[in-house]
Amino acid sequence: MKNIVALTSSMITGNNSSFKLQLRLIEEHWSKGRFIKEFYSTEVGTVFGHIFTLDDEEFISTINLYFGDNANTTEVCDYLEETFCERNLNRLCKNFVSVSLQSPHFDLIFGVIETKLGKKYREENSIFEHKMFKAPLTVPEKIPVPQGYILGPLQLSCVESVVQQWAKDLELNTSDEAPLNILRSTVVSNIKERPGFGVYKEGEPGLPVAWITMYSGGELGMLHVVKEHRRRKIARILLREMLRVVREALGQEFRTHCFVKLHNTDCQRLLHSEGWIEQPYNNKRMYFHTDYLSKLN
């Protein structure tokens, strides 16, 4: 397996939509962190690749893997040996790492990675089992914002509102600042580096009643409407506005996606009604962590 010149997002085909989108965000400078992109090719031309996201201390915190559609099991195992070599294992974040992929070989891949990373992290690892939805090909028309509300960019002054709600969803102990700081860092990056929108009551621009952001991997997330302000189509307004901005910036071929918890049937109904397409589940995310961050699985 030989190292090859880096691919561009336009060269990614097949069922790797999440990898393609993250690569495009990096190209468009919508993800401004530190990344390592490496690509390999076998003798018969099967392409593999990965994107490592580095934290502030230059350790690998997230891994997004790309497998060519025609990859066989032998090639997959060879690539994983190359990628999860001792040198890269030593560069993994000491507390937590997530691994994302789309591949029909998921069970095989998970087994190999679990063995490799089990040397560094505790044995209780997690598989991200949310439903995956892909955005529709067309963007629905705008909906007027309800009277008394304002739609605008999500501001840094909104960070704590978003963090506290996220922590509540994860059932975190909000008196422990360590996990909250990790959530805070993600929210700040989402707001500063990529489009995000909030809905505010008139006269209260710093206090959002609803919001939506985009993660560094290109998926939409954190969609939330405060309970007292629901049933006003606010979530639908936010979803359409994000789709419009992403489509105008990245082009028609880059269809964003999102992950929804299995029990969140309200959000699933919203996405279905908006033309989002539920995917045959071929995108999964693995979490490996120490006890320090066990509540984030």
# chains A, B, ... in the order shown; residues from 1 in each chain; ligands from 1
call {"tool": "closest_atom_pairs", "arguments": {"of": "stretch 86-157 of chain A", "to": "stretch 194-205 of chain A", "cutoff": "12 Å", "atoms": "only C-alpha atoms", "output": "Markdown table"}}
result
| residue | atom | partner | partner_atom | distance |
| --- | --- | --- | --- | --- |
| A:Val145 | CA | A:Val199 | CA | 8.7 |
| A:Pro146 | CA | A:Lys201 | CA | 9.9 |
| A:Gln147 | CA | A:Glu202 | CA | 9.0 |
| A:Gly148 | CA | A:Glu202 | CA | 5.5 |
| A:Tyr149 | CA | A:Lys201 | CA | 4.6 |
| A:Ile150 | CA | A:Tyr200 | CA | 5.1 |
| A:Leu151 | CA | A:Val199 | CA | 4.6 |
| A:Gly152 | CA | A:Gly198 | CA | 5.6 |
| A:Pro153 | CA | A:Phe197 | CA | 4.4 |
| A:Leu154 | CA | A:Phe197 | CA | 4.5 |
| A:Gln155 | CA | A:Gly198 | CA | 7.9 |
| A:Leu156 | CA | A:Gly196 | CA | 10.6 |
| A:Ser157 | CA | A:Pro205 | CA | 9.3 |
call {"tool": "select_by_dssp", "arguments": {"residues": "stretch 88-204 of chain A", "states": "helix (DSSP H, G or I)", "output": "number ranges by chain"}}
result
A: 88-89, 106-117, 156-169, 177-193
call {"tool": "residues_around", "arguments": {"residues": "stretch 258-271 of chain A", "least_positions_apart": "2", "cutoff": "6 Å", "atoms": "only C-alpha atoms", "output": "ChimeraX atom specification"}}
result
/A:130-133,219-220,273-274,276
call {"tool": "write_last_selection", "arguments": {"atoms": "all heavy atoms", "output": "PDB file, in the first residue's frame"}}
result
ATOM      1  N   HIS A 130     -27.208   6.344  16.484  1.00  0.00           N
ATOM      2  CA  HIS A 130     -28.291   7.249  16.118  1.00  0.00           C
ATOM      3  C   HIS A 130     -28.712   6.961  14.669  1.00  0.00           C
ATOM      4  O   HIS A 130     -27.991   6.313  13.923  1.00  0.00           O
ATOM      5  CB  HIS A 130     -27.836   8.703  16.199  1.00  0.00           C
ATOM      6  CG  HIS A 130     -27.509   9.161  17.589  1.00  0.00           C
ATOM      7  ND1 HIS A 130     -26.993   8.349  18.542  1.00  0.00           N
ATOM      8  CD2 HIS A 130     -27.621  10.378  18.159  1.00  0.00           C
ATOM      9  CE1 HIS A 130     -26.807   9.033  19.661  1.00  0.00           C
ATOM     10  NE2 HIS A 130     -27.185  10.271  19.455  1.00  0.00           N
ATOM     11  N   LYS A 131     -29.871   7.460  14.298  1.00  0.00           N
ATOM     12  CA  LYS A 131     -30.283   7.378  12.904  1.00  0.00           C
ATOM     13  C   LYS A 131     -29.588   8.477  12.111  1.00  0.00           C
ATOM     14  O   LYS A 131     -29.412   9.585  12.605  1.00  0.00           O
ATOM     15  CB  LYS A 131     -31.805   7.527  12.773  1.00  0.00           C
ATOM     16  CG  LYS A 131     -32.574   6.322  13.285  1.00  0.00           C
ATOM     17  CD  LYS A 131     -34.063   6.448  12.965  1.00  0.00           C
ATOM     18  CE  LYS A 131     -34.813   5.199  13.395  1.00  0.00           C
ATOM     19  NZ  LYS A 131     -36.254   5.285  13.062  1.00  0.00           N
ATOM     20  N   MET A 132     -29.214   8.167  10.889  1.00  0.00           N
ATOM     21  CA  MET A 132     -28.546   9.136  10.024  1.00  0.00           C
ATOM     22  C   MET A 132     -29.534   9.594   8.944  1.00  0.00           C
ATOM     23  O   MET A 132     -30.203   8.780   8.310  1.00  0.00           O
ATOM     24  CB  MET A 132     -27.318   8.519   9.367  1.00  0.00           C
ATOM     25  CG  MET A 132     -26.576   9.458   8.423  1.00  0.00           C
ATOM     26  SD  MET A 132     -25.161   8.646   7.628  1.00  0.00           S
ATOM     27  CE  MET A 132     -24.565   9.996   6.597  1.00  0.00           C
ATOM     28  N   PHE A 133     -29.627  10.914   8.760  1.00  0.00           N
ATOM     29  CA  PHE A 133     -30.480  11.507   7.729  1.00  0.00           C
ATOM     30  C   PHE A 133     -29.632  12.355   6.797  1.00  0.00           C
ATOM     31  O   PHE A 133     -28.765  13.101   7.251  1.00  0.00           O
ATOM     32  CB  PHE A 133     -31.555  12.392   8.357  1.00  0.00           C
ATOM     33  CG  PHE A 133     -32.637  11.649   9.077  1.00  0.00           C
ATOM     34  CD1 PHE A 133     -32.440  11.185  10.370  1.00  0.00           C
ATOM     35  CD2 PHE A 133     -33.858  11.405   8.459  1.00  0.00           C
ATOM     36  CE1 PHE A 133     -33.440  10.510  11.042  1.00  0.00           C
ATOM     37  CE2 PHE A 133     -34.870  10.725   9.133  1.00  0.00           C
ATOM     38  CZ  PHE A 133     -34.654  10.270  10.429  1.00  0.00           C
ATOM     39  N   GLU A 219     -21.842  17.707   9.779  1.00  0.00           N
ATOM     40  CA  GLU A 219     -23.209  17.376  10.160  1.00  0.00           C
ATOM     41  C   GLU A 219     -23.844  18.517  10.939  1.00  0.00           C
ATOM     42  O   GLU A 219     -23.185  19.210  11.705  1.00  0.00           O
ATOM     43  CB  GLU A 219     -23.262  16.080  10.983  1.00  0.00           C
ATOM     44  CG  GLU A 219     -22.603  16.120  12.336  1.00  0.00           C
ATOM     45  CD  GLU A 219     -21.156  15.683  12.313  1.00  0.00           C
ATOM     46  OE1 GLU A 219     -20.505  15.867  11.259  1.00  0.00           O
ATOM     47  OE2 GLU A 219     -20.671  15.177  13.346  1.00  0.00           O
ATOM     48  N   LEU A 220     -25.148  18.710  10.709  1.00  0.00           N
ATOM     49  CA  LEU A 220     -25.898  19.697  11.479  1.00  0.00           C
ATOM     50  C   LEU A 220     -26.226  19.101  12.845  1.00  0.00           C
ATOM     51  O   LEU A 220     -26.421  17.896  12.975  1.00  0.00           O
ATOM     52  CB  LEU A 220     -27.188  20.077  10.754  1.00  0.00           C
ATOM     53  CG  LEU A 220     -27.054  20.614   9.333  1.00  0.00           C
ATOM     54  CD1 LEU A 220     -28.404  21.123   8.844  1.00  0.00           C
ATOM     55  CD2 LEU A 220     -26.004  21.699   9.245  1.00  0.00           C
ATOM     56  N   SER A 273     -40.656  15.156   7.248  1.00  0.00           N
ATOM     57  CA  SER A 273     -41.590  16.105   6.638  1.00  0.00           C
ATOM     58  C   SER A 273     -40.870  17.136   5.780  1.00  0.00           C
ATOM     59  O   SER A 273     -41.479  17.727   4.878  1.00  0.00           O
ATOM     60  CB  SER A 273     -42.411  16.804   7.720  1.00  0.00           C
ATOM     61  OG  SER A 273     -41.619  17.712   8.470  1.00  0.00           O
ATOM     62  N   GLU A 274     -39.574  17.359   6.044  1.00  0.00           N
ATOM     63  CA  GLU A 274     -38.777  18.314   5.284  1.00  0.00           C
ATOM     64  C   GLU A 274     -38.034  17.660   4.115  1.00  0.00           C
ATOM     65  O   GLU A 274     -37.238  18.311   3.440  1.00  0.00           O
ATOM     66  CB  GLU A 274     -37.771  19.004   6.204  1.00  0.00           C
ATOM     67  CG  GLU A 274     -38.389  20.016   7.147  1.00  0.00           C
ATOM     68  CD  GLU A 274     -38.900  21.241   6.411  1.00  0.00           C
ATOM     69  OE1 GLU A 274     -38.079  21.990   5.834  1.00  0.00           O
ATOM     70  OE2 GLU A 274     -40.132  21.449   6.390  1.00  0.00           O
ATOM     71  N   TRP A 276     -35.847  15.111   4.278  1.00  0.00           N
ATOM     72  CA  TRP A 276     -34.576  14.462   4.604  1.00  0.00           C
ATOM     73  C   TRP A 276     -34.744  12.949   4.448  1.00  0.00           C
ATOM     74  O   TRP A 276     -35.809  12.395   4.715  1.00  0.00           O
ATOM     75  CB  TRP A 276     -34.156  14.806   6.027  1.00  0.00           C
ATOM     76  CG  TRP A 276     -33.673  16.217   6.177  1.00  0.00           C
ATOM     77  CD1 TRP A 276     -34.395  17.355   5.996  1.00  0.00           C
ATOM     78  CD2 TRP A 276     -32.356  16.642   6.542  1.00  0.00           C
ATOM     79  NE1 TRP A 276     -33.619  18.461   6.219  1.00  0.00           N
ATOM     80  CE2 TRP A 276     -32.360  18.051   6.565  1.00  0.00           C
ATOM     81  CE3 TRP A 276     -31.178  15.959   6.866  1.00  0.00           C
ATOM     82  CZ2 TRP A 276     -31.222  18.795   6.877  1.00  0.00           C
ATOM     83  CZ3 TRP A 276     -30.049  16.698   7.187  1.00  0.00           C
ATOM     84  CH2 TRP A 276     -30.070  18.091   7.193  1.00  0.00           C
TER      85      TRP A 276
END
call {"tool": "residues_around", "arguments": {"residues": "A:Val187", "least_positions_apart": "4", "cutoff": "10 Å", "atoms": "only C-alpha atoms", "output": "list in words"}}
result
Leu156, Cys158, Val159, Glu160, Val162, Val163, Trp166, Asn181, Ile182, Leu183, Ile191, Lys192, Thr213, Met214, Tyr215 and Met222 of chain A
call {"tool": "closest_residue", "arguments": {"among": "A:Arg232, A:Arg87, A:His50, A:His257", "to": "A:Glu38", "atoms": "only C-alpha atoms"}}
result
A:His50
call {"tool": "closest_atom_pairs", "arguments": {"of": "stretch 30-106 of chain A", "to": "stretch 111-119 of chain A", "cutoff": "8 Å", "atoms": "only C-alpha atoms", "output": "JSON lines"}}
result
{"residue": "A:Cys77", "atom": "CA", "partner": "A:Val112", "partner_atom": "CA", "distance": 7.8}
{"residue": "A:Leu80", "atom": "CA", "partner": "A:Val112", "partner_atom": "CA", "distance": 7.6}
{"residue": "A:Phe84", "atom": "CA", "partner": "A:Lys116", "partner_atom": "CA", "distance": 7.0}
{"residue": "A:Leu89", "atom": "CA", "partner": "A:Leu117", "partner_atom": "CA", "distance": 7.4}
call {"tool": "residues_around", "arguments": {"residues": "A:Thr74", "least_positions_apart": "6", "cutoff": "12 Å", "atoms": "only C-alpha atoms", "output": "PyMOL selection string"}}
result
chain A and resi 1+42+46+80-81+105+108-109
call {"tool": "write_last_selection", "arguments": {"atoms": "C-alpha atoms", "output": "short mmCIF file (atom, residue, chain, number, x, y, z; two decimals), in the first residue's frame"}}
result
data_model
loop_
_atom_site.label_atom_id
_atom_site.label_comp_id
_atom_site.auth_asym_id
_atom_site.auth_seq_id
_atom_site.Cartn_x
_atom_site.Cartn_y
_atom_site.Cartn_z
CA MET A 1 0.00 0.00 0.00
CA THR A 42 -3.33 -0.53 -3.31
CA THR A 46 -8.36 0.78 -4.23
CA LEU A 80 -5.88 -0.41 9.39
CA GLU A 81 -2.46 -1.81 10.32
CA HIS A 105 -17.05 -3.82 6.71
CA LEU A 108 -14.51 -6.13 10.98
CA ILE A 109 -13.12 -2.59 11.30
#
call {"tool": "atom_distance", "arguments": {"atom1": "atom CA of A:Phe52", "atom2": "atom CA of A:Thr83"}}
result
10.4 Å
call {"tool": "atom_distance", "arguments": {"atom1": "atom CA of A:Asn190", "atom2": "atom CA of A:Leu25"}}
result
12.2 Å
call {"tool": "closest_residue", "arguments": {"among": "A:Leu170, A:Val76, A:Leu243, A:Ile63", "to": "A:Gly275", "atoms": "only C-alpha atoms"}}
result
A:Leu243
call {"tool": "atom_distance", "arguments": {"atom1": "atom CA of A:Pro136", "atom2": "atom CA of A:Leu223"}}
result
17.5 Å
call {"tool": "residues_around", "arguments": {"residues": "stretch 249-255 of chain A", "least_positions_apart": "3", "cutoff": "8 Å", "atoms": "only C-alpha atoms", "output": "PyMOL selection string"}}
result
chain A and resi 17+20-21+24+134-137+245-246
call {"tool": "closest_residue", "arguments": {"among": "A:Tyr40, A:Asn3, A:Asn64, A:Glu86", "to": "A:Ser98", "atoms": "only C-alpha atoms"}}
result
A:Asn64
call {"tool": "residues_around", "arguments": {"residues": "A:Pro144", "least_positions_apart": "5", "cutoff": "10 Å", "atoms": "only C-alpha atoms", "output": "PyMOL selection string"}}
result
chain A and resi 151+233-234+237
call {"tool": "write_last_selection", "arguments": {"atoms": "all heavy atoms", "output": "PDB file, in the first residue's frame"}}
result
ATOM      1  N   LEU A 151     -34.612  36.092  13.683  1.00  0.00           N
ATOM      2  CA  LEU A 151     -33.661  35.074  13.244  1.00  0.00           C
ATOM      3  C   LEU A 151     -32.337  35.746  12.932  1.00  0.00           C
ATOM      4  O   LEU A 151     -32.294  36.740  12.212  1.00  0.00           O
ATOM      5  CB  LEU A 151     -34.185  34.357  11.994  1.00  0.00           C
ATOM      6  CG  LEU A 151     -33.224  33.390  11.295  1.00  0.00           C
ATOM      7  CD1 LEU A 151     -32.937  32.171  12.176  1.00  0.00           C
ATOM      8  CD2 LEU A 151     -33.795  32.964   9.939  1.00  0.00           C
ATOM      9  N   LYS A 233     -43.081  26.599  14.503  1.00  0.00           N
ATOM     10  CA  LYS A 233     -42.290  26.287  13.305  1.00  0.00           C
ATOM     11  C   LYS A 233     -40.862  26.822  13.395  1.00  0.00           C
ATOM     12  O   LYS A 233     -40.189  26.972  12.371  1.00  0.00           O
ATOM     13  CB  LYS A 233     -42.969  26.815  12.041  1.00  0.00           C
ATOM     14  CG  LYS A 233     -44.343  26.201  11.779  1.00  0.00           C
ATOM     15  CD  LYS A 233     -44.911  26.656  10.444  1.00  0.00           C
ATOM     16  CE  LYS A 233     -46.261  25.984  10.171  1.00  0.00           C
ATOM     17  NZ  LYS A 233     -46.823  26.421   8.867  1.00  0.00           N
ATOM     18  N   ILE A 234     -40.385  27.102  14.600  1.00  0.00           N
ATOM     19  CA  ILE A 234     -39.047  27.682  14.754  1.00  0.00           C
ATOM     20  C   ILE A 234     -37.965  26.684  14.355  1.00  0.00           C
ATOM     21  O   ILE A 234     -36.978  27.049  13.689  1.00  0.00           O
ATOM     22  CB  ILE A 234     -38.860  28.187  16.195  1.00  0.00           C
ATOM     23  CG1 ILE A 234     -39.737  29.425  16.425  1.00  0.00           C
ATOM     24  CG2 ILE A 234     -37.395  28.512  16.475  1.00  0.00           C
ATOM     25  CD1 ILE A 234     -39.704  29.960  17.844  1.00  0.00           C
ATOM     26  N   ILE A 237     -37.797  26.552  10.645  1.00  0.00           N
ATOM     27  CA  ILE A 237     -37.161  27.766  10.116  1.00  0.00           C
ATOM     28  C   ILE A 237     -35.642  27.656  10.201  1.00  0.00           C
ATOM     29  O   ILE A 237     -34.918  27.962   9.239  1.00  0.00           O
ATOM     30  CB  ILE A 237     -37.659  29.002  10.888  1.00  0.00           C
ATOM     31  CG1 ILE A 237     -39.120  29.286  10.541  1.00  0.00           C
ATOM     32  CG2 ILE A 237     -36.792  30.225  10.608  1.00  0.00           C
ATOM     33  CD1 ILE A 237     -39.788  30.294  11.445  1.00  0.00           C
TER      34      ILE A 237
END
call {"tool": "select_by_dssp", "arguments": {"residues": "stretch 3-39 of chain A", "states": "strand (DSSP E or B)", "output": "PyMOL selection string"}}
result
chain A and resi 3-4+34-39
